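Take a look at the structure set out below.
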Amino acid sequence: METTAQAPEIQNQWVSRLQGFWRTFSRNRIGLVGLAMLIVIILMAIFAPVIAPYDSSSSASVKIDDVYNPPSSTHWFGTDDAGQDVFSNFIFGSRVSLTVGFFAAFISIIIGGLLGLVAGFFGGRMENFLMRFTDIMLVIPDLPLMVVIVALTKPSLLNIIFVIGLLGWTTTARVVRSQTLAVKSRKFVLRARAVGAGRGHIISRHILPLVMPILVVQAVLVVSLAILNESALSFLGLGDPTALSWGQMLNYAFGRGAMSIGAWWALLFPGFGIVWVVLGLTLLGQGLEQVLNPRLETHHLMAGRPVVRGEAREDAEKPTGKNPLLEVRNLSINYVNEGKPPARAVENISFTLKEGELIGLVGESGCGKTTLMLSLLRLLPSAGQIVNGRVFFNGKDLTALSEEEINAVRWKDISIVFQGAMNALNPVRTVGDQIQEAIIKHLPGFPHDQRLQERVVELLDLVGIAADHKDHYPHQYSGGMRQRAMIAMALACNPQVIIADEPTTALDVMIQAQILELLDSLRKKLGLAIIFVTHDLGVVAEMCDRVLVMYGGVTAEYADVDAIYNEPRHPYTQELIKAFPDLTKPKKKLSSIPGYPPRLDALPAGCRFAPRCPLAFDRCHTEQPPLHELSNSQSAAHIASCHLLEASK
Amino acid sequence: MNRTRALLRKIGWAIFTILFVIVLNFFLFRVLPGDPARAGIRDPRLKKEAIEMLRVRFGLDKPVINCFESLNPIQLGSCTVNPLDTQFFIYVRNLFQGELGISYHTNRPVADILAERLWNTVLLIGAGQILSIIIGVVFGVFAAWKARTAIDFAAVMSSLLVWSLPTFWLAIILLFWGSNNGLPLAGKATPGSSSLPLLQQWADIGRHMLLPTLTYTIVYMGEYTLIMRSSLMDVLSEDYILTAKAKGLSTFQILKDHALKNAMLPLVTVIAINLGFTVAGAIQIETVFSWPGLGLAIFEAVGRRDFPVLQGAFLLIAVAVIFANLIADLTYNFLDPRVKTE
């Protein structure tokens, strides 16, 4: 009963999934080319008797001068050693090669798929045994084994299919097993198990649909390998002499003097057939892989987008007269998406940093904090682009520097402590080595001897790491130690500014406190200016001089820390403070802000906070509020962007 | 401590695999149809007595294994056979004494024939592997570094193309090309070159190696390019590369000091797994160029139904691949500090 009711639903599910797949696949050029190549050859195999000018079986019209004739109008690809038309044999040969390829691959895929599924699903001893067996079969060279088996048995087409099929399943088994393992531990499978669904049900309804795509990609690869193996076996003289595959044609030509006669046509064209099919399958596989398992093909060394020089920048040509250490003015950053409008990740942000000052940058995840910080040193990913604004450091515009010039500023003047130092340190180089690398790069006069080692030890000592850890690898450090090592590295060239990008996330509370204390004491000891990125208001209250509150890529409020805590003007800041526990008012009710920050590709038309703002009115939803200057004092600017503040200006 | 145990386990596993291959190799040549003696000496002029003598000579008159007269499980023999006097035991005992039987064709010990051939194959595969790895790594690095540009596209497409080439066919094409350009076409040395001074002998061998090595390199460089590219893409999107960039290192320095080693570690494993496949290439290349290696020995043995040589060559190749695998595995452990210091 249940199955009859579910059957159409499952069918619909499959149909819609296939439709969705085709939509993506039809945009993949490589895959389409491969598919087209394959279809051409399959059609050729099906309609071989219609296309071929000569019947391959009855071409025994051998006159002595028919042998090895060069290509002509009667024989497009010439004739072979038996006086047969190479073009006709080429067309009929596709049948043999494709038959062997598809049937052998079918056997391999069934065996490999089953073994992988069983091993991955049942685990335990079964898995251990099956995988050990697979490993053994994987390491035994397959073509020699095929040669041995076919040589000992009859070289018939059926034998070849079975031998190739029975030896070609190893990679499939491994791939399917690891995919099954991955799927098995997903939530919906665990849930199905918890409610007592049967094994058959789980495998067919939950696991198979997610293993299938991988199996399809694998099948394409296995077919191409089977065709290559068949051609090699045939060429080595182990093919079925009655079935003229492309490999067999080459065997005859090569073994019967085509080379010495110079009959290149008998050797060239059959090979084209193999290359055509295998290349078609390879391209198809590549395309399927890209569609079914899309990977972000980007990395940190890809060329960044040039800074845009528009008219809007004219107002910020020169630094202000006061010359603070770092001045960010009207900075805007877009993420460029091909075929879509750019995402406005950061818009019109301005702030200043004086020597020895600590500014806090506060906001929820995804509000553009990290993008803003990376842009200061022009470290944006390749899709990121500075579209407006300037970054002045000691009066120098960092956005106008060449790549070489900015490299000299990086780490020497401004260094970064990244979040999650586990991945921020290179796993295969020692920590000391990575610290000293920065010194060698930026302080060329520094002696490369004992003095350098002492400096590294000194830096580690500064952050409380014992000297004997210098030559250890990051994985031998604890999480807190790695973060300290990262700070030591950031201090290596005596920079003037350190950007600390959520340096304490992912650390436990005690370690967090230690790291914060360390940063604060270093600031006092070394006179550092620090930009501290965090979503933790408590940290801000304790350490910062000034605070920039960001929301959805724009400035919500920018003021002295006292002003932020005691008289927040922007509704978002007010809500944040309400959500933050205050020791002096233990009875205060904590509230959270309902909803989520806006997605960059779907920004609201008006104020970006409006959808979540308790005070929002009509205008907020249609018009983006400008930045309102709320204080006359130059030294303690107070800026907020909210329509409610228009009157209080 | 832990490391030693892992090491011992790997070695033990390799030994087990070799034992498996030894057993497989024996039974393959006994189970599959055709009494090796009769299949090997298909000469209708031989009298029954002569065949029997040959059977005795090649040890084929003895029971296959204790309790089995032949490998037909229905034909159970008496279990009173001395297990030390069975074909299987004699085969294993001979193996441990380095004896692989006698060639049907030349009547020479198989071990001697293969010993001559082994180094030629090692030479070919060694040169081809080194070249294809170097080229693959260089192309892969450029493709990954310049990802999603025309350079990358060209590198990926040409890799897919060379991957799709049947090895023997490319060898034939290059042979054709070589024959028009005065390169030696077959064998390892020009006949009579052994009387030349050593340096000229080597130059002669080098000229003979040129085309086989070129074929080998072209066929396998595509795969290494693709693997290197994808491995380096993974590494270059890691956080520590951003750190390196933030440190002000140049692109060249980042690639050299932070990315290359990390990206090449997986390549070591792939090279090991690939060895089994590359042997397939060697067989085809040696056949086309008549390069006197193990592959050509296999090809010739197949044509002559010379089963002892075929059996010995298969065993030797399988054992060599297993060894090479083990060495690559151990090298990986040695190179990766994450494994080394655990």
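Identifiers for the structure tokens are assigned positionally: chains receive A, B, ... in sequence, residues are indexed from 1 per chain, and ligands are indexed from 1 in the order shown.
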
What residues in chain A lie within 6 Å of chain B, counting only C-alpha atoms, written as an MDAnalysis selection string?
-> chainID A and resid 140:141 143 275 278:279 299:300 407 410:411 423:426 428

Could you give me, as a ChimeraX atom specification, each residue of segment 153-229 of chain A that DSSP assigns to helix (DSSP H, G or I) when run on this structure's backbone?
-> /A:157-167,170-184,187-194,199-229

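Near Phe139 of chain B, within 12 Å and counting only C-alpha atoms, sit Ser132, Ile133, Ile134, Ile135, Ala143, Ala144, Trp145, Lys146, Ala147, Ile151, Asp152, Phe153, Ala154, Ala155, Val156, Met157, Ser158, Ser159, Met221, Gly222, Glu223, Tyr224, Thr225, Leu226, Ile227, Met228, Arg229, Ser230 and Leu232 of chain B; same-chain residues fewer than 4 positions away were not included.
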
Spatial neighbours of Met259 of chain A, max dist 12 Å, only C-alpha atoms, sep filter under 5 positions, as an NGL selection string | (:A and (68 or 80-81 or 250-254 or 264-268)) or (:B and (172-180 or 185 or 288-289))

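Minimum atom-to-atom distances from A:Pro209, A:Gly552, A:Gly165, A:Pro614 to Gln574 of chain A were compared using only C-alpha atoms, and the lowest value belongs to A:Pro614.
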
Surrounding residues of Tyr332 of chain B excluding itself and chain neighbours under 3 positions, 8 Å, only C-alpha atoms, as a list in words | Leu265, Val268, Thr269, Ala328, Asp329, Leu335 and Asp336 of chain B

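Non-sequential neighbours of segment 465-479 of chain A (distance at most 8 Å, separation of 5 or more positions within a chain, only C-alpha atoms) are Ala421, Met422, Leu425, Asn426, Pro427, Val428, Arg429, Thr430, Val431, Gly432, Asp433, Val456, Val457, Leu460, Arg484, Ala485 and Leu507 of chain A; Pro337 and Arg338 of chain B.
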
Write a file of the selected residues as a CSV table (one decimal), in the first residue's frame, keeping N, CA and C atoms.
```
chain,number,residue,atom,x,y,z
A,421,ALA,N,43.6,30.2,13.9
A,421,ALA,CA,45.1,30.1,13.5
A,421,ALA,C,45.5,28.6,13.1
A,422,MET,N,44.6,27.7,13.3
A,422,MET,CA,44.9,26.3,12.9
A,422,MET,C,45.3,26.3,11.4
A,425,LEU,N,48.4,28.9,9.8
A,425,LEU,CA,49.8,28.5,9.9
A,425,LEU,C,50.0,27.3,8.9
A,426,ASN,N,51.2,27.4,8.2
A,426,ASN,CA,51.5,26.3,7.3
A,426,ASN,C,51.8,25.0,8.0
A,427,PRO,N,51.0,23.9,7.7
A,427,PRO,CA,51.2,22.7,8.5
A,427,PRO,C,52.5,22.0,8.3
A,428,VAL,N,53.2,22.2,7.2
A,428,VAL,CA,54.4,21.5,7.0
A,428,VAL,C,55.7,22.3,7.2
A,429,ARG,N,55.6,23.5,7.9
A,429,ARG,CA,56.8,24.2,8.2
A,429,ARG,C,56.7,24.5,9.7
A,430,THR,N,57.9,24.5,10.4
A,430,THR,CA,57.9,24.8,11.8
A,430,THR,C,57.5,26.2,12.1
A,431,VAL,N,57.0,26.4,13.3
A,431,VAL,CA,56.5,27.7,13.7
A,431,VAL,C,57.6,28.8,13.6
A,432,GLY,N,58.8,28.4,14.2
A,432,GLY,CA,59.9,29.3,14.2
A,432,GLY,C,60.3,29.7,12.8
A,433,ASP,N,60.3,28.8,11.9
A,433,ASP,CA,60.6,29.0,10.5
A,433,ASP,C,59.7,30.0,9.9
A,456,VAL,N,63.6,35.2,17.2
A,456,VAL,CA,62.4,34.4,17.1
A,456,VAL,C,62.1,33.9,18.5
A,457,VAL,N,63.1,33.5,19.3
A,457,VAL,CA,62.8,33.0,20.7
A,457,VAL,C,62.3,34.2,21.5
A,460,LEU,N,58.6,34.7,20.7
A,460,LEU,CA,57.8,33.6,21.3
A,460,LEU,C,57.7,33.8,22.8
A,484,ARG,N,48.7,32.4,19.9
A,484,ARG,CA,49.8,33.2,20.4
A,484,ARG,C,51.0,33.2,19.4
A,485,ALA,N,51.2,32.1,18.8
A,485,ALA,CA,52.3,32.0,17.8
A,485,ALA,C,52.0,33.0,16.6
A,507,LEU,N,38.2,29.6,20.4
A,507,LEU,CA,39.0,29.2,21.6
A,507,LEU,C,38.1,29.1,22.8
B,337,PRO,N,55.5,16.1,7.8
B,337,PRO,CA,55.8,16.2,9.2
B,337,PRO,C,54.6,15.9,10.1
B,338,ARG,N,53.4,16.0,9.5
B,338,ARG,CA,52.2,15.7,10.3
B,338,ARG,C,52.1,14.2,10.6
```

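Between atom CA of Ala529 of chain A and atom CA of Val391 of chain A lies a distance of 15.7 Å.
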
DSSP on the backbone: what in segment 53-277 of chain B comes out strand (DSSP E or B), as a ChimeraX atom specification?
-> /B:65,68,76,102,109

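Reported to one decimal place, the separation of atom CA of Gly128 of chain B from atom CA of Leu114 of chain B is 20.7 Å.
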
Distance query segment 333-342 of chain A at most 12 Å, only C-alpha atoms, self and fewer than 2 positions along chain excluded, as a PyMOL selection string = chain A and resi 304-308+330-331+344-349+368-376+378+380-390+399+553-554+600-603

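Nearest residue to Leu260 of chain B among B:Leu100, B:Val138, B:Ile15, B:Ala297 is B:Val138, counting only C-alpha atoms.
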
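Of the listed residues (A:Pro625, A:Gly93, A:Gly20, A:Gly120), A:Gly93 comes nearest to Thr242 of chain A; the distances count only C-alpha atoms.
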
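Distances here use only C-alpha atoms; by that measure, the residue among A:Val417, A:Arg546, A:Ser402, A:Trp276 closest to Thr352 of chain A is A:Arg546.
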
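You can rank A:Leu288, A:Ala303, A:Ile91, A:Ala438 by their closest distance to Leu221 of chain A using only C-alpha atoms, and at the top of that list sits A:Leu288.
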
Rounded to one decimal in Å, what is the spacing between atom CA of Val216 of chain A and atom CA of Phe122 of chain A?
-> 22.4 Å

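Closest approach to Glu355 of chain A among A:Asp508, A:Asp545, A:Asp142, A:Asp135: A:Asp545, based on only C-alpha atoms.
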